[in-house]
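Structure file input27.txt (compact mmCIF, C-alpha atoms) is printed below.
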# COMPACT_ATOMS: atom_id res chain seq x y z
CA MET A 358 -217.33 11.01 -157.01
CA GLY A 359 -220.65 11.81 -158.65
CA SER A 360 -221.89 13.96 -161.49
CA ALA A 361 -224.80 16.22 -162.34
CA ILE A 362 -226.32 17.88 -165.38
CA SER A 363 -227.59 21.47 -165.25
CA ILE A 364 -228.70 24.31 -167.46
CA VAL A 365 -226.81 27.46 -166.53
CA ALA A 366 -227.33 31.18 -167.06
CA ASP A 367 -223.86 32.18 -168.25
CA ASN A 368 -224.67 35.78 -169.17
CA ALA A 369 -225.74 39.15 -167.72
CA THR A 370 -229.43 38.23 -167.57
CA ALA A 371 -228.52 36.16 -164.47
CA ASP A 372 -227.71 39.30 -162.45
CA PRO A 373 -231.16 39.45 -160.77
CA ILE A 374 -230.61 35.92 -159.43
CA ARG A 375 -227.16 36.91 -158.14
CA ASP A 376 -228.75 39.98 -156.51
CA LEU A 377 -231.23 37.70 -154.73
CA TRP A 378 -228.31 35.50 -153.60
CA GLN A 379 -226.87 38.58 -151.90
CA GLU A 380 -230.19 39.59 -150.32
CA VAL A 381 -230.98 36.20 -148.78
CA SER A 382 -227.40 35.36 -147.77
CA VAL A 383 -227.85 37.54 -144.67
CA TRP A 384 -229.76 34.60 -143.16
CA GLU A 385 -226.89 32.16 -143.71
CA SER A 386 -223.70 31.82 -141.68
CA ALA A 387 -221.86 32.05 -145.04
CA PRO A 388 -223.31 32.75 -148.52
CA SER A 389 -223.96 29.22 -149.82
CA MET A 390 -224.50 30.00 -153.50
CA GLU A 391 -221.44 32.24 -153.84
CA ALA A 392 -219.38 29.60 -152.03
CA LEU A 393 -220.52 27.06 -154.61
CA GLY A 394 -218.71 29.08 -157.28
CA TYR A 395 -221.25 28.12 -159.93
CA PRO A 396 -223.62 30.37 -161.95
CA PRO A 397 -227.40 30.43 -161.48
CA HIS A 398 -228.81 27.15 -162.75
CA PHE A 399 -231.44 24.43 -162.77
CA THR A 400 -230.10 20.98 -161.90
CA PHE A 401 -231.81 18.26 -163.96
CA ALA A 402 -230.08 15.19 -162.56
CA ILE A 403 -227.65 14.23 -159.84
CA CYS A 404 -226.04 10.87 -160.49
CA PRO A 405 -223.84 9.80 -157.56
CA GLY A 406 -222.55 6.65 -159.27
CA LEU A 407 -221.71 8.11 -162.70
CA ASP A 408 -218.56 9.99 -163.61
CA ALA A 409 -218.98 13.18 -165.65
CA LEU A 410 -217.54 11.70 -168.85
CA SER A 411 -219.97 8.75 -168.85
CA LEU A 412 -222.92 11.04 -168.16
CA TRP A 413 -221.87 13.52 -170.85
CA GLN A 414 -221.32 10.83 -173.49
CA ARG A 415 -224.89 9.65 -173.00
CA LEU A 416 -226.40 13.14 -173.05
CA GLU A 417 -224.38 14.83 -175.77
CA PRO A 418 -226.32 13.42 -178.75
CA ALA A 419 -229.63 14.57 -177.22
CA ALA A 420 -228.15 17.95 -176.23
CA ALA A 421 -227.17 18.79 -179.82
CA GLY A 422 -230.69 19.97 -180.68
CA LEU A 423 -231.38 21.98 -177.51
CA SER A 424 -231.98 25.73 -177.46
CA SER A 425 -231.52 28.21 -174.65
CA LEU A 426 -234.49 28.87 -172.38
CA ARG A 427 -235.79 32.30 -171.31
CA ILE A 428 -237.37 31.75 -167.92
CA ARG A 429 -239.46 34.33 -166.07
CA PHE A 430 -239.36 34.45 -162.28
CA SER A 431 -241.98 36.20 -160.15
CA ARG A 432 -241.95 34.29 -156.83
CA ILE A 433 -239.67 33.04 -154.10
CA ARG A 434 -240.51 29.68 -152.54
CA HIS A 435 -238.91 27.37 -150.02
CA PHE A 436 -238.25 23.74 -149.30
CA PRO A 437 -239.08 22.97 -145.66
CA ALA A 438 -235.72 21.37 -144.90
CA ASP A 439 -233.22 21.82 -142.12
CA PRO A 440 -231.43 23.96 -143.06
CA LEU A 441 -234.11 25.91 -144.91
CA VAL A 442 -233.69 26.31 -148.70
CA LEU A 443 -235.01 29.35 -150.61
CA TRP A 444 -235.45 29.27 -154.37
CA ALA A 445 -236.72 31.34 -157.28
CA ALA A 446 -239.75 29.72 -158.86
CA PRO A 447 -240.10 29.71 -162.65
CA ASP A 448 -243.47 31.00 -163.86
CA ARG A 449 -243.86 28.24 -166.46
CA THR A 450 -242.14 24.90 -166.41
CA ASP A 451 -243.25 23.34 -169.73
CA GLU A 452 -239.93 23.94 -171.50
CA LEU A 453 -237.91 23.01 -168.41
CA THR A 454 -239.91 19.82 -167.92
CA ALA A 455 -239.45 18.87 -171.57
CA MET A 456 -235.68 19.36 -171.29
CA HIS A 457 -235.63 17.45 -167.99
CA ASN A 458 -237.52 14.55 -169.57
CA LEU A 459 -235.19 14.50 -172.58
CA ILE A 460 -232.16 14.29 -170.30
CA HIS A 461 -233.74 11.52 -168.24
CA SER A 462 -234.54 9.55 -171.39
CA CYS A 463 -230.75 9.04 -171.62
CA LEU A 464 -230.49 7.69 -168.04
CA LYS A 465 -231.62 4.66 -166.12
CA GLN A 466 -234.01 5.75 -163.38
CA ASP A 467 -231.95 4.25 -160.54
CA GLU A 468 -228.82 6.16 -161.65
CA CYS A 469 -230.32 9.46 -160.54
CA GLU A 470 -231.12 10.72 -157.05
CA GLU A 471 -234.81 10.22 -156.34
CA LEU A 472 -235.74 13.91 -155.98
CA TYR A 473 -234.43 14.62 -159.50
CA ARG A 474 -236.34 11.85 -161.26
CA PRO A 475 -239.32 12.57 -163.54
CA GLY A 476 -242.48 12.93 -161.49
CA ALA A 477 -240.57 14.00 -158.37
CA TRP A 478 -238.43 16.86 -159.69
CA VAL A 479 -239.43 20.43 -158.82
CA ALA A 480 -238.00 23.05 -161.18
CA HIS A 481 -236.17 25.55 -158.97
CA CYS A 482 -233.27 27.97 -159.08
CA THR A 483 -231.68 27.87 -155.63
CA LEU A 484 -231.05 31.16 -153.84
CA ALA A 485 -229.81 29.90 -150.44
CA MET A 486 -229.15 26.38 -149.16
CA ALA A 487 -228.14 26.93 -145.56
CA ILE A 488 -230.60 29.07 -143.61
CA GLY A 489 -230.47 27.95 -140.00
CA PRO A 490 -233.46 27.74 -137.66
CA GLU A 491 -232.51 31.01 -135.96
CA HIS A 492 -233.23 32.87 -139.24
CA SER A 493 -235.97 30.73 -140.75
CA GLU A 494 -238.84 33.00 -139.67
CA ALA A 495 -237.23 36.06 -141.27
CA ALA A 496 -236.40 34.07 -144.41
CA LEU A 497 -239.94 32.71 -144.67
CA ASN A 498 -241.24 36.28 -144.62
CA SER A 499 -239.50 36.76 -148.00
CA VAL A 500 -241.40 33.87 -149.56
CA GLY A 501 -244.05 35.02 -152.03
CA PRO A 502 -244.31 37.32 -155.04
CA LEU A 503 -241.26 39.30 -156.15
CA GLU A 504 -241.65 43.05 -156.28
CA LYS A 505 -240.03 43.12 -159.73
CA PRO A 506 -240.36 39.91 -161.78
CA PHE A 507 -237.52 39.27 -164.23
CA GLU A 508 -236.38 36.94 -167.03
CA VAL A 509 -233.16 34.98 -167.23
CA GLU A 510 -231.72 33.24 -170.28
CA PHE A 511 -230.30 29.80 -169.46
CA ASP A 512 -227.86 29.23 -172.30
CA LEU A 513 -225.31 26.59 -171.31
CA LEU A 514 -225.75 22.89 -170.61
CA ASN A 515 -223.17 21.74 -168.06
CA CYS A 516 -222.02 18.41 -166.78
CA VAL A 517 -220.21 18.72 -163.46
CA SER A 518 -218.41 16.36 -161.12
CA PHE A 519 -218.33 16.63 -157.34
CA PRO A 520 -216.96 16.92 -154.70
CA PRO A 521 -215.49 19.43 -155.19
CA LEU A 522 -217.72 20.93 -157.86
CA ARG A 523 -215.92 21.06 -161.23
CA THR A 524 -217.33 21.72 -164.67
CA GLY A 525 -216.29 18.86 -166.89
CA TYR A 526 -218.24 19.25 -170.13
CA SER A 527 -220.48 21.96 -171.57
CA ARG A 528 -222.44 22.87 -174.63
CA ARG A 529 -223.49 26.41 -175.49
CA LEU A 530 -227.17 26.26 -176.46
CA ARG A 531 -228.34 28.08 -179.56
CA SER A 532 -230.56 31.10 -178.95
CA ALA A 533 -234.24 30.32 -178.87

Starting from the file, lay out its structure as structure tokens.
Amino acid sequence: MGSAISIVADNATADPIRDLWQEVSVWESAPSMEALGYPPHFTFAICPGLDALSLWQRLEPAAAGLSSLRIRFSRIRHFPADPLVLWAAPDRTDELTAMHNLIHSCLKQDECEELYRPGAWVAHCTLAMAIGPEHSEAALNSVGPLEKPFEVEFDLLNCVSFPPLRTGYSRRLRSA
């Protein structure tokens, strides 16, 4: 069992992300983000060898001073994987990167999956994780600027365990 740390949008400002989940799920055999049963989020670290309690105990002192983040989204991007992954791209990543670095200052580098380590991590809010090759061309046509940019407030720091995905520990972040 592993664990992960995320910042979650646990409020109505996340509705535009959920709307995008619905739109892009037509290219998946089953809606991957709804099936996850987890709110819109940015994952800062995935630690396969750490249980949620150990991870949370290390992060909680640093998390005490964190504030919520208002993030503006104006583009959809993709990771060229198989299956294809679509994600909402934050306009600015300074605050996200600072929070990511703070979290990683509480971890040993080799405890975290490589793609989530400082210098490798790409700030992204996943929209779909399972777009098969038969729909990749249609999905890639959606990549680019959003017709209506929007802001989301990410206001909850979560520590989850998996599989299956379960929220173990959380901290409501004070308003920025």

Just give me the residues with any atom within 10 Å of (-233.8, 16.1, -167.7), file coordinates, counting only C-alpha atoms, written as a list in words. Ile362, Ser363, Ile364, Phe399, Thr400, Phe401, Ala402, Leu416, Leu453, Thr454, Ala455, Met456, His457, Asn458, Leu459, Ile460, His461, Ser462, Cys463, Leu464, Tyr473, Arg474, Pro475 and Trp478 of chain A

Tell me, in Å to one decimal, how far CA of Arg528 (chain A) is from CA of Arg415 (chain A).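 If I compute the distance from CA of Arg528 (chain A) to CA of Arg415 (chain A), I get 13.5 Å.
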
Could you name the residues that touch region 431-440 of chain A at 10 Å or less, counting only C-alpha atoms, but leaving out those on the same chain fewer than 3 positions away, as a PDB file with C-alpha atoms, in the frame of the given file?
ATOM      1  CA  LEU A 377    -231.230  37.700-154.730  1.00  0.00           C
ATOM      2  CA  GLU A 385    -226.890  32.160-143.710  1.00  0.00           C
ATOM      3  CA  LEU A 443    -235.010  29.350-150.610  1.00  0.00           C
ATOM      4  CA  TRP A 444    -235.450  29.270-154.370  1.00  0.00           C
ATOM      5  CA  ALA A 445    -236.720  31.340-157.280  1.00  0.00           C
ATOM      6  CA  ALA A 446    -239.750  29.720-158.860  1.00  0.00           C
ATOM      7  CA  PRO A 447    -240.100  29.710-162.650  1.00  0.00           C
ATOM      8  CA  ASP A 448    -243.470  31.000-163.860  1.00  0.00           C
ATOM      9  CA  HIS A 481    -236.170  25.550-158.970  1.00  0.00           C
ATOM     10  CA  CYS A 482    -233.270  27.970-159.080  1.00  0.00           C
ATOM     11  CA  THR A 483    -231.680  27.870-155.630  1.00  0.00           C
ATOM     12  CA  LEU A 484    -231.050  31.160-153.840  1.00  0.00           C
ATOM     13  CA  ALA A 485    -229.810  29.900-150.440  1.00  0.00           C
ATOM     14  CA  MET A 486    -229.150  26.380-149.160  1.00  0.00           C
ATOM     15  CA  ALA A 487    -228.140  26.930-145.560  1.00  0.00           C
ATOM     16  CA  ILE A 488    -230.600  29.070-143.610  1.00  0.00           C
ATOM     17  CA  GLY A 489    -230.470  27.950-140.000  1.00  0.00           C
ATOM     18  CA  PRO A 490    -233.460  27.740-137.660  1.00  0.00           C
ATOM     19  CA  HIS A 492    -233.230  32.870-139.240  1.00  0.00           C
ATOM     20  CA  SER A 493    -235.970  30.730-140.750  1.00  0.00           C
ATOM     21  CA  ALA A 496    -236.400  34.070-144.410  1.00  0.00           C
ATOM     22  CA  LEU A 497    -239.940  32.710-144.670  1.00  0.00           C
ATOM     23  CA  SER A 499    -239.500  36.760-148.000  1.00  0.00           C
ATOM     24  CA  VAL A 500    -241.400  33.870-149.560  1.00  0.00           C
ATOM     25  CA  GLY A 501    -244.050  35.020-152.030  1.00  0.00           C
ATOM     26  CA  PRO A 502    -244.310  37.320-155.040  1.00  0.00           C
ATOM     27  CA  LEU A 503    -241.260  39.300-156.150  1.00  0.00           C
ATOM     28  CA  GLU A 504    -241.650  43.050-156.280  1.00  0.00           C
ATOM     29  CA  LYS A 505    -240.030  43.120-159.730  1.00  0.00           C
ATOM     30  CA  PRO A 506    -240.360  39.910-161.780  1.00  0.00           C
ATOM     31  CA  PHE A 507    -237.520  39.270-164.230  1.00  0.00           C
ATOM     32  CA  GLU A 508    -236.380  36.940-167.030  1.00  0.00           C
TER      33      GLU A 508
END

In terms of the shortest atom-to-atom distance over only C-alpha atoms, which of A:Ala495, A:Met358, A:Val517, A:Leu472 is closest to Gly406 (chain A)?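 Closest to Gly406 (chain A) of all the choices is A:Met358.
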
Taking 5 positions as the minimum chain separation for residues in the same chain, which residues sit within 9 Å of Asp408 (chain A) when counting only C-alpha atoms? Answer as a list of chain:residue names.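 Neighbouring residues, sequence-local ones excluded: A:Met358, A:Gly359, A:Ser360, A:Ala361, A:Trp413, A:Val517, A:Ser518.
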
Once 4 Å is added on each side, what are the centre and the three edge lengths, in Å to one decimal, of the axis-aligned box enclosing the listed atoms of region 519-529 of chain A? Present them as lines of an AutoDock Vina configuration file.
center_x = -219.5
center_y = 21.5
center_z = -165.1
size_x = 16.0
size_y = 17.8
size_z = 28.8

Near region 468-470 of chain A, within 6 Å and counting only C-alpha atoms, which residues show up once chain neighbours fewer than 3 positions away are dropped, as an NGL selection string? :A and (403-404 or 465 or 473)

Asp367 (chain A) proximity check over A:Glu417, A:Tyr526, A:Val479, A:Tyr395, using only C-alpha atoms: winner is A:Tyr395

Closest to Leu530 (chain A) among A:Glu471, A:Asn498, A:Arg427, A:Val442, using only C-alpha atoms? A:Arg427

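Proximity to Phe511 (chain A) was assessed for A:Leu426, A:Leu441, A:Ala409, A:Ala371 counting only C-alpha atoms; the smallest distance is recorded for A:Leu426.
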